[in-house]
Number of protein chains: 2
Amino acid sequence: MPRAAQPTKQPTGEPIGSVWTRPQRPRREQPALSRDQIVAEAIALLDSDGIEALSMRKLGTRLNAGATSLYTHVSNKDELIELVVDRIYGEIEVPRPASREEWRAAAVECGNNVRAAILRHPWIASLLGEMGMAYLGPNMMRLSEDMLELFETGGFDLERSDVALKTVWAYVIGMTATEAAWLTALGRSGQSEEDWMERVTAAAMQVMEPYPRVRRLYAQHTPTRVDEARRSNFDLGLDCILDGLEAQRGA
Amino acid sequence: MPRAAQPTKQPTGEPIGSVWTRPQRPRREQPALSRDQIVAEAIALLDSDGIEALSMRKLGTRLNAGATSLYTHVSNKDELIELVVDRIYGEIEVPRPASREEWRAAAVECGNNVRAAILRHPWIASLLGEMGMAYLGPNMMRLSEDMLELFETGGFDLERSDVALKTVWAYVIGMTATEAAWLTALGRSGQSEEDWMERVTAAAMQVMEPYPRVRRLYAQHTPTRVDEARRSNFDLGLDCILDGLEAQRGA
DNA sequence: TACGGTCTCCGTACAGTGTGCGGGAGCGGC
DNA sequence: GCCGCTCCCGCACACTGTACGGAGACCGTA
């Protein structure tokens with residue numbers, strides 16, 4: 001997988017995240033391309049062929065357009081990616097707890113929604129590390145606002161809600177990105193999870209030889225229902241974190 | 001930032017992570033290049049010029065070698081990256097708690113060590129999403145083992161230690177990768193954190209207009225000592241998680 | 001009707017990428 | 001001397017992001 005580079009970027013003095021502040025150029029009638037369409041097709045391409053398949057040329061072709069036509073609507077590939085990520089964030093629903101007591105259930109549901117969105121688009125794992133939280137994207141904003149509201153209804157003050165948001169978010173992102181990366185690698189090797197387990201056990205055992213705890217843990221893995229195991233693992237950790245948050249919230 | 005691609009990878013049927021299972025080719029006398037040297041130089045290049053600057057040609061030049069010479073010691077750029085990441089993991093120390101009561105302090109220290117390693121090499125944030133936990137690298141193995149031991153001395157059984165490890169790891173990775181990405185973006189724009197805050201406030205305020213909680217949070221950010229704020233933020237979340245873990249551990 | 005201006009679209013070109021291939025140089029053993 | 005093995009490398013190929021300049025379509029105005 002080539003990870004191409006170009007002459008190292010110079011400091012521009014331009015503010016970061018300017019995609020969100022610069023207004024979209026106004027248009028007359030219906031041109032053949034639109035920013036929305038481009039973003040949508042990029043996501044389709046990413047979903048079907050993965051991160052390495054996203055190139056301006058391929059994207060252009062899928063839109064019956066030349067590669068450089070895209071630059072009329074999107075100033076950069078980086079900018080395109082920012083838009084793509086924010087659009088995925090737009091898929092995430094944050095439930096509104098009806099009462100103070102429901103905040104925990106709502107938080108769990110929210111976490112699972114984030115996880116589901118990432119696993120629907122596993123390629124996003126490769127992008128999160130370059131973008132952090134895409135600080136200014138409108139959907140990221142909405143997400144933050146809604147999650148803050150969730151915690152506030154749960155009895156946290158704004159400051160603590162902020163901590164809660166960051167903690168839960170970091171956990172969910174960290175956990176699920178790892179999961180997505182694993183699934184992507186698996187997909188590339190063209191094997192099922194069980195296949196891989198079986199195939200690699202001998203080698204893995206050898207590598208783990210000096211590490212008794214890791215070895216024991218690996219050995220007692222039941223090889224069935226690996227996906228449900230991942231899900232329950234996720235929920236376990238999330239529960240832990242919510243316990244901790246509740247304790248810090250106080251009465 | 002080009003994110004190049006090439007003909008989509010075909011399923012190989014080869015097991016994943018084969019770098020760690022395939023033995024290094026045996027050598028005679030002292031060749032000019034070695035795998036260790038290549039990895040070390042790659043890290044130096046990454047540290048000084050960032051992820052986009054890492055190309056086989058540039059790396060070869062820095063080693064007074066042709067680009068393709070590297071392929072004698074490293075089968076792939078991807079493999080090189082796996083090696084690089086695992087070497088960074090090798091910088092992380094896991095303290096051994098002397099008594100059951102010390103596990104918490106040890107866990108906090110460990111988390112901060114991971115954070116420090118990532119912030120020393122911020123480019124790693126872009127790679128974590130493609131590698132998850134680099135499952136089989138020797139240093140990742142050692143880390144897992146040592147952290148499991150840490151939690152076991154803290155009174156967790158192996159199963160719970162596993163949950164604890166995964167939870168803490170996901171949090172630390174998620175939190176710090178976000179932080180690193182932010183710092184990298186800042187570095188690229190050539191501004192200090194305070195500069196940026198000042199410069200972008202107007203635009204940011206406009207974007208955040210519909211989101212009162214986010215706005216309030218942003219407004220009460222004291223613009224001084226942002227780095228310490230991040231650190232204490234990190235510790236707060238980590239504390240929360242350890243609270244939760246302790247509660248689930250039981251007596 | 002004619003004309004300048006603006007917006008879209010695209011062909012071409014450039015510098016840079018990962019890496020397959022074949023060849024050459026130095027070495028150990030027969 | 002020769003074979004085979006290891007290491008290094010130049011070349012070539014297919015592919016990348018994107019700067020640039022031009023072509024065509026549409027607009028409001030003269």
# chains A, B, ... in the order shown; residues from 1 in each chain; ligands from 1

$ interface_residues --of "chain D" --to "chain A" --cutoff "9 Å" --atoms "only C-alpha atoms (C1' of nucleotides)" --output "ChimeraX atom specification"
/D:16-18,26

$ interface_residues --of "chain C" --to "chain B" --cutoff "9 Å" --atoms "only C-alpha atoms (C1' of nucleotides)" --output "PyMOL selection string"
chain C and resi 17-19+27

$ write_last_selection --atoms "N, CA and C atoms (P, O5', C5', C4', C3', O3' and C1' of nucleotides)" --output "PDB file, in the first residue's frame"
ATOM      1  P    DT C  17       8.833  10.830  -3.298  1.00  0.00           P
ATOM      2  O5'  DT C  17       7.831   9.635  -3.584  1.00  0.00           O
ATOM      3  C5'  DT C  17       6.580   9.613  -2.890  1.00  0.00           C
ATOM      4  C4'  DT C  17       5.748   8.471  -3.411  1.00  0.00           C
ATOM      5  C3'  DT C  17       6.397   7.115  -3.273  1.00  0.00           C
ATOM      6  O3'  DT C  17       6.147   6.635  -1.973  1.00  0.00           O
ATOM      7  C1'  DT C  17       5.250   7.365  -5.375  1.00  0.00           C
ATOM      8  P    DG C  18       7.029   5.437  -1.426  1.00  0.00           P
ATOM      9  O5'  DG C  18       6.369   4.146  -2.108  1.00  0.00           O
ATOM     10  C5'  DG C  18       5.063   3.759  -1.737  1.00  0.00           C
ATOM     11  C4'  DG C  18       4.700   2.465  -2.424  1.00  0.00           C
ATOM     12  C3'  DG C  18       5.606   1.282  -2.090  1.00  0.00           C
ATOM     13  O3'  DG C  18       4.815   0.084  -2.116  1.00  0.00           O
ATOM     14  C1'  DG C  18       5.797   1.777  -4.395  1.00  0.00           C
ATOM     15  P    DT C  19       5.483  -1.277  -1.594  1.00  0.00           P
ATOM     16  O5'  DT C  19       6.121  -1.850  -2.956  1.00  0.00           O
ATOM     17  C5'  DT C  19       5.267  -2.294  -3.970  1.00  0.00           C
ATOM     18  C4'  DT C  19       6.085  -2.642  -5.208  1.00  0.00           C
ATOM     19  C3'  DT C  19       7.245  -3.637  -4.962  1.00  0.00           C
ATOM     20  O3'  DT C  19       7.223  -4.596  -5.993  1.00  0.00           O
ATOM     21  C1'  DT C  19       7.953  -1.864  -6.240  1.00  0.00           C
ATOM     22  P    DC C  27      34.876  -9.378  -0.587  1.00  0.00           P
ATOM     23  O5'  DC C  27      34.341 -10.854  -0.319  1.00  0.00           O
ATOM     24  C5'  DC C  27      33.449 -11.077   0.767  1.00  0.00           C
ATOM     25  C4'  DC C  27      32.703 -12.361   0.558  1.00  0.00           C
ATOM     26  C3'  DC C  27      33.543 -13.625   0.710  1.00  0.00           C
ATOM     27  O3'  DC C  27      33.490 -14.065   2.069  1.00  0.00           O
ATOM     28  C1'  DC C  27      31.896 -13.788  -1.041  1.00  0.00           C
TER      29       DC C  27
END

$ residues_around --residues "range 22-25 of chain C" --least-positions-apart "4" --cutoff "12 Å" --atoms "only C-alpha atoms (C1' of nucleotides)" --output "PyMOL selection string"
chain D and resi 6-12

$ residues_around --residues "Asn64 in chain A" --least-positions-apart "5" --cutoff "10 Å" --atoms "only C-alpha atoms (C1' of nucleotides)" --output "list in words"
Ala32, Leu33, Lys58 and Leu59 of chain A

$ closest_residue --among "A:Thr178, A:Ser144, A:Gln191, A:Ser48" --to "Arg120 in chain A" --atoms "only C-alpha atoms"
A:Ser48

$ closest_residue --among "A:Leu158, A:Met208, A:Leu83, A:Met175" --to "Tyr135 in chain A" --atoms "only C-alpha atoms"
A:Leu83

$ residues_around --residues "DG11 in chain C" --least-positions-apart "3" --cutoff "10 Å" --atoms "only C-alpha atoms (C1' of nucleotides)" --output "PyMOL selection string"
(chain A and resi 66+68) or (chain D and resi 21-22)

$ atom_distance --atom1 "CA of Ser99 in chain B" --atom2 "CA of Gln220 in chain A"
27.7 Å

$ residues_around --residues "Ala219 in chain A" --least-positions-apart "5" --cutoff "12 Å" --atoms "only C-alpha atoms (C1' of nucleotides)" --output "PDB file with C-alpha atoms, in the first residue's frame"
ATOM      1  CA  MET A 197      -7.404 -18.433  13.965  1.00  0.00           C
ATOM      2  CA  GLU A 198      -6.836 -21.959  12.835  1.00  0.00           C
ATOM      3  CA  THR A 201      -2.379 -20.709  15.767  1.00  0.00           C
ATOM      4  CA  ALA A 202       0.915 -22.547  15.491  1.00  0.00           C
ATOM      5  CA  ALA A 204       1.063 -17.338  17.169  1.00  0.00           C
ATOM      6  CA  MET A 205       1.714 -19.859  19.885  1.00  0.00           C
ATOM      7  CA  MET A 208       3.536 -15.860  22.499  1.00  0.00           C
ATOM      8  CA  GLU A 209       5.697 -18.512  24.069  1.00  0.00           C
ATOM      9  CA  PRO A 212       2.264 -16.861  29.864  1.00  0.00           C
ATOM     10  CA  ARG A 213      -0.675 -14.545  30.530  1.00  0.00           C
ATOM     11  CA  VAL A 214      -1.170 -13.666  26.898  1.00  0.00           C
TER      12      VAL A 214
END
